[in-house]
Amino acid sequence: METSEVRRHVTQTIERARSAAAARRARADEARRDFAVFLETIAVPVMRQVAGALKAQSYSFTVFTPSDGVRLMSDRAQQDFIELSLDTSGDEPRVIGRVSRERGRRLIETERPVAEAPVAALTDEDVLKFVVKELEPFVER
């Protein structure tokens with residue numbers, strides 16, 4: 001094989017990789033902007049409503065809003081929480097729900113997308129559906 005042919009293939013590969021990385025960074029930046037709006041207008045209000053409904057049923061949960069997400073945490077156990085954050089590590093940024101709960105001495109942690117929709121397309125219904133499904137182990141006692 002000719003050296004020039006090898007160089008051409010390597011150069012094309014480098015250009016494709018750079019282009020793909022730039023596109024991925026642009027998608028991640030857009031998702032971060034969308035996520036900030038999502039937190040303010042959808043996720044935090046829904047989590048606060050869920051916390052209020054839980055308190056009315058004698059389950060004490062508090063909503064925390066760190067800069068990179070929102071967390072609904074049990075007042076009884078620090079390790080019991082449902083958290084929403086942005087995951088930009090893949091090709092398409094997604095809102096990820098992370099759930100942590102203590103079972104005796106074990107800590108069970110799971111992570112999954114809130115919905116398969118892009119960040120800008122998520123609704124309060126998507127968040128509520130995710131949260132109430134993940135709440136089941138916390139309220140089954």
# chains A, B, ... in the order shown; residues from 1 in each chain; ligands from 1
>>> select_by_dssp(residues="chain A", states="alpha helix (DSSP H)", output="ChimeraX atom specification")
/A:3-38,44-56,124-139
>>> closest_atom_pairs(of="region 104-141 of chain A", to="region 35-40 of chain A", cutoff="8 Å", atoms="only C-alpha atoms", output="tab-separated table")
residue	atom	partner	partner_atom	distance
A:Val119	CA	A:Phe35	CA	6.2
A:Ala120	CA	A:Phe38	CA	7.2
A:Leu122	CA	A:Phe38	CA	7.7
>>> write_last_selection(atoms="N, CA and C atoms", output="JSON list (two decimals), in the first residue's frame")
[["chain", "number", "residue", "atom", "x", "y", "z"],
["A", 119, "VAL", "N", -33.37, 16.57, 26.24],
["A", 119, "VAL", "CA", -33.59, 17.39, 27.42],
["A", 119, "VAL", "C", -34.70, 18.42, 27.18],
["A", 120, "ALA", "N", -34.67, 19.09, 26.05],
["A", 120, "ALA", "CA", -35.64, 20.15, 25.77],
["A", 120, "ALA", "C", -37.07, 19.61, 25.61],
["A", 122, "LEU", "N", -38.42, 17.08, 27.47],
["A", 122, "LEU", "CA", -38.96, 16.47, 28.69],
["A", 122, "LEU", "C", -40.08, 17.32, 29.27]]
>>> closest_atom_pairs(of="region 108-128 of chain A", to="region 67-90 of chain A", cutoff="12 Å", atoms="only C-alpha atoms", output="JSON lines")
{"residue": "A:Ile108", "atom": "CA", "partner": "A:Gln79", "partner_atom": "CA", "distance": 9.2}
{"residue": "A:Glu109", "atom": "CA", "partner": "A:Gln79", "partner_atom": "CA", "distance": 9.5}
{"residue": "A:Thr110", "atom": "CA", "partner": "A:Ile82", "partner_atom": "CA", "distance": 9.7}
{"residue": "A:Glu111", "atom": "CA", "partner": "A:Glu83", "partner_atom": "CA", "distance": 9.4}
{"residue": "A:Arg112", "atom": "CA", "partner": "A:Leu84", "partner_atom": "CA", "distance": 9.8}
{"residue": "A:Pro113", "atom": "CA", "partner": "A:Asp87", "partner_atom": "CA", "distance": 9.0}
{"residue": "A:Val114", "atom": "CA", "partner": "A:Leu84", "partner_atom": "CA", "distance": 8.0}
{"residue": "A:Ala115", "atom": "CA", "partner": "A:Leu84", "partner_atom": "CA", "distance": 11.4}
{"residue": "A:Pro118", "atom": "CA", "partner": "A:Leu86", "partner_atom": "CA", "distance": 10.8}
{"residue": "A:Val119", "atom": "CA", "partner": "A:Leu86", "partner_atom": "CA", "distance": 8.5}
{"residue": "A:Ala120", "atom": "CA", "partner": "A:Leu86", "partner_atom": "CA", "distance": 11.8}
{"residue": "A:Asp126", "atom": "CA", "partner": "A:Leu84", "partner_atom": "CA", "distance": 11.9}
{"residue": "A:Val127", "atom": "CA", "partner": "A:Leu84", "partner_atom": "CA", "distance": 9.0}
{"residue": "A:Leu128", "atom": "CA", "partner": "A:Leu84", "partner_atom": "CA", "distance": 11.7}
>>> residues_around(residues="Val46 (chain A)", least_positions_apart="3", cutoff="8 Å", atoms="only C-alpha atoms", output="ChimeraX atom specification")
/A:42-43,49-50,124,127-128
>>> closest_residue(among="A:Ser4, A:Ser100, A:Thr123, A:Ser60", to="Val139 (chain A)", atoms="only C-alpha atoms")
A:Ser60
>>> atom_distance(atom1="CA of Asp91 (chain A)", atom2="CA of Arg24 (chain A)")
6.3 Å
>>> select_by_dssp(residues="region 25-120 of chain A", states="strand (DSSP E or B)", output="number ranges by chain")
A: 61-64, 69-74, 81-87, 94-103, 106-113
>>> atom_distance(atom1="CA of Asp29 (chain A)", atom2="CA of Val95 (chain A)")
13.8 Å
>>> decode(residues="region 9-95 of chain A", atoms="C-alpha atoms", output="PDB file, in the first residue's frame")
ATOM      1  CA  HIS A   9      -6.914   7.657   5.378  1.00  0.00           C
ATOM      2  CA  VAL A  10      -5.334   8.782   8.640  1.00  0.00           C
ATOM      3  CA  THR A  11      -5.971  12.443   7.814  1.00  0.00           C
ATOM      4  CA  GLN A  12      -9.617  11.709   6.975  1.00  0.00           C
ATOM      5  CA  THR A  13     -10.031   9.797  10.217  1.00  0.00           C
ATOM      6  CA  ILE A  14      -8.572  12.668  12.225  1.00  0.00           C
ATOM      7  CA  GLU A  15     -10.869  15.171  10.486  1.00  0.00           C
ATOM      8  CA  ARG A  16     -13.943  12.987  11.092  1.00  0.00           C
ATOM      9  CA  ALA A  17     -13.020  12.553  14.758  1.00  0.00           C
ATOM     10  CA  ARG A  18     -12.499  16.291  15.266  1.00  0.00           C
ATOM     11  CA  SER A  19     -15.751  17.096  13.515  1.00  0.00           C
ATOM     12  CA  ALA A  20     -17.662  14.539  15.597  1.00  0.00           C
ATOM     13  CA  ALA A  21     -16.095  15.867  18.817  1.00  0.00           C
ATOM     14  CA  ALA A  22     -17.032  19.446  17.927  1.00  0.00           C
ATOM     15  CA  ALA A  23     -20.609  18.378  17.173  1.00  0.00           C
ATOM     16  CA  ARG A  24     -20.787  16.434  20.452  1.00  0.00           C
ATOM     17  CA  ARG A  25     -19.514  19.479  22.387  1.00  0.00           C
ATOM     18  CA  ALA A  26     -22.110  21.692  20.688  1.00  0.00           C
ATOM     19  CA  ARG A  27     -24.892  19.230  21.609  1.00  0.00           C
ATOM     20  CA  ALA A  28     -23.623  19.102  25.201  1.00  0.00           C
ATOM     21  CA  ASP A  29     -23.547  22.910  25.464  1.00  0.00           C
ATOM     22  CA  GLU A  30     -27.083  23.162  24.120  1.00  0.00           C
ATOM     23  CA  ALA A  31     -28.219  20.417  26.512  1.00  0.00           C
ATOM     24  CA  ARG A  32     -26.681  22.283  29.464  1.00  0.00           C
ATOM     25  CA  ARG A  33     -28.677  25.390  28.570  1.00  0.00           C
ATOM     26  CA  ASP A  34     -31.834  23.317  28.122  1.00  0.00           C
ATOM     27  CA  PHE A  35     -31.159  21.501  31.407  1.00  0.00           C
ATOM     28  CA  ALA A  36     -30.943  24.779  33.350  1.00  0.00           C
ATOM     29  CA  VAL A  37     -34.374  25.752  32.025  1.00  0.00           C
ATOM     30  CA  PHE A  38     -35.684  22.225  32.661  1.00  0.00           C
ATOM     31  CA  LEU A  39     -34.521  22.363  36.292  1.00  0.00           C
ATOM     32  CA  GLU A  40     -36.051  25.758  36.939  1.00  0.00           C
ATOM     33  CA  THR A  41     -39.376  25.257  35.197  1.00  0.00           C
ATOM     34  CA  ILE A  42     -40.095  21.530  35.468  1.00  0.00           C
ATOM     35  CA  ALA A  43     -37.884  19.343  37.671  1.00  0.00           C
ATOM     36  CA  VAL A  44     -37.619  21.458  40.832  1.00  0.00           C
ATOM     37  CA  PRO A  45     -41.332  22.373  40.944  1.00  0.00           C
ATOM     38  CA  VAL A  46     -42.367  18.732  40.415  1.00  0.00           C
ATOM     39  CA  MET A  47     -39.946  17.515  43.097  1.00  0.00           C
ATOM     40  CA  ARG A  48     -41.289  20.132  45.531  1.00  0.00           C
ATOM     41  CA  GLN A  49     -44.853  19.045  44.814  1.00  0.00           C
ATOM     42  CA  VAL A  50     -43.905  15.396  45.394  1.00  0.00           C
ATOM     43  CA  ALA A  51     -42.158  16.326  48.667  1.00  0.00           C
ATOM     44  CA  GLY A  52     -45.283  18.191  49.787  1.00  0.00           C
ATOM     45  CA  ALA A  53     -47.518  15.247  48.936  1.00  0.00           C
ATOM     46  CA  LEU A  54     -45.188  12.884  50.796  1.00  0.00           C
ATOM     47  CA  LYS A  55     -45.171  15.116  53.887  1.00  0.00           C
ATOM     48  CA  ALA A  56     -48.986  15.080  53.835  1.00  0.00           C
ATOM     49  CA  GLN A  57     -48.760  11.277  53.996  1.00  0.00           C
ATOM     50  CA  SER A  58     -46.225  11.421  56.897  1.00  0.00           C
ATOM     51  CA  TYR A  59     -43.158  10.705  54.767  1.00  0.00           C
ATOM     52  CA  SER A  60     -40.548  13.348  55.391  1.00  0.00           C
ATOM     53  CA  PHE A  61     -38.541  14.252  52.268  1.00  0.00           C
ATOM     54  CA  THR A  62     -36.664  17.443  51.425  1.00  0.00           C
ATOM     55  CA  VAL A  63     -35.745  18.892  48.038  1.00  0.00           C
ATOM     56  CA  PHE A  64     -32.162  20.053  47.504  1.00  0.00           C
ATOM     57  CA  THR A  65     -31.055  21.990  44.463  1.00  0.00           C
ATOM     58  CA  PRO A  66     -27.317  21.753  43.926  1.00  0.00           C
ATOM     59  CA  SER A  67     -26.133  23.624  40.838  1.00  0.00           C
ATOM     60  CA  ASP A  68     -25.969  20.500  38.691  1.00  0.00           C
ATOM     61  CA  GLY A  69     -29.311  18.875  39.490  1.00  0.00           C
ATOM     62  CA  VAL A  70     -32.137  18.349  41.939  1.00  0.00           C
ATOM     63  CA  ARG A  71     -32.391  15.820  44.759  1.00  0.00           C
ATOM     64  CA  LEU A  72     -35.387  14.529  46.708  1.00  0.00           C
ATOM     65  CA  MET A  73     -33.885  13.124  49.892  1.00  0.00           C
ATOM     66  CA  SER A  74     -35.402  11.314  52.845  1.00  0.00           C
ATOM     67  CA  ASP A  75     -35.099  13.144  56.147  1.00  0.00           C
ATOM     68  CA  ARG A  76     -34.674   9.787  57.909  1.00  0.00           C
ATOM     69  CA  ALA A  77     -31.693   8.448  55.968  1.00  0.00           C
ATOM     70  CA  GLN A  78     -29.146  10.502  54.036  1.00  0.00           C
ATOM     71  CA  GLN A  79     -28.499   7.672  51.616  1.00  0.00           C
ATOM     72  CA  ASP A  80     -32.152   7.490  50.513  1.00  0.00           C
ATOM     73  CA  PHE A  81     -32.680   9.854  47.601  1.00  0.00           C
ATOM     74  CA  ILE A  82     -33.797  10.356  44.023  1.00  0.00           C
ATOM     75  CA  GLU A  83     -31.652  12.721  42.011  1.00  0.00           C
ATOM     76  CA  LEU A  84     -31.891  14.147  38.502  1.00  0.00           C
ATOM     77  CA  SER A  85     -28.785  15.323  36.668  1.00  0.00           C
ATOM     78  CA  LEU A  86     -27.484  15.824  33.148  1.00  0.00           C
ATOM     79  CA  ASP A  87     -25.295  13.161  31.563  1.00  0.00           C
ATOM     80  CA  THR A  88     -23.250  14.441  28.624  1.00  0.00           C
ATOM     81  CA  SER A  89     -20.873  11.504  28.408  1.00  0.00           C
ATOM     82  CA  GLY A  90     -22.701   9.770  25.550  1.00  0.00           C
ATOM     83  CA  ASP A  91     -23.388  10.868  22.000  1.00  0.00           C
ATOM     84  CA  GLU A  92     -26.746  12.333  23.015  1.00  0.00           C
ATOM     85  CA  PRO A  93     -27.040  14.181  26.349  1.00  0.00           C
ATOM     86  CA  ARG A  94     -29.751  12.752  28.614  1.00  0.00           C
ATOM     87  CA  VAL A  95     -31.333  13.566  31.948  1.00  0.00           C
TER      88      VAL A  95
END
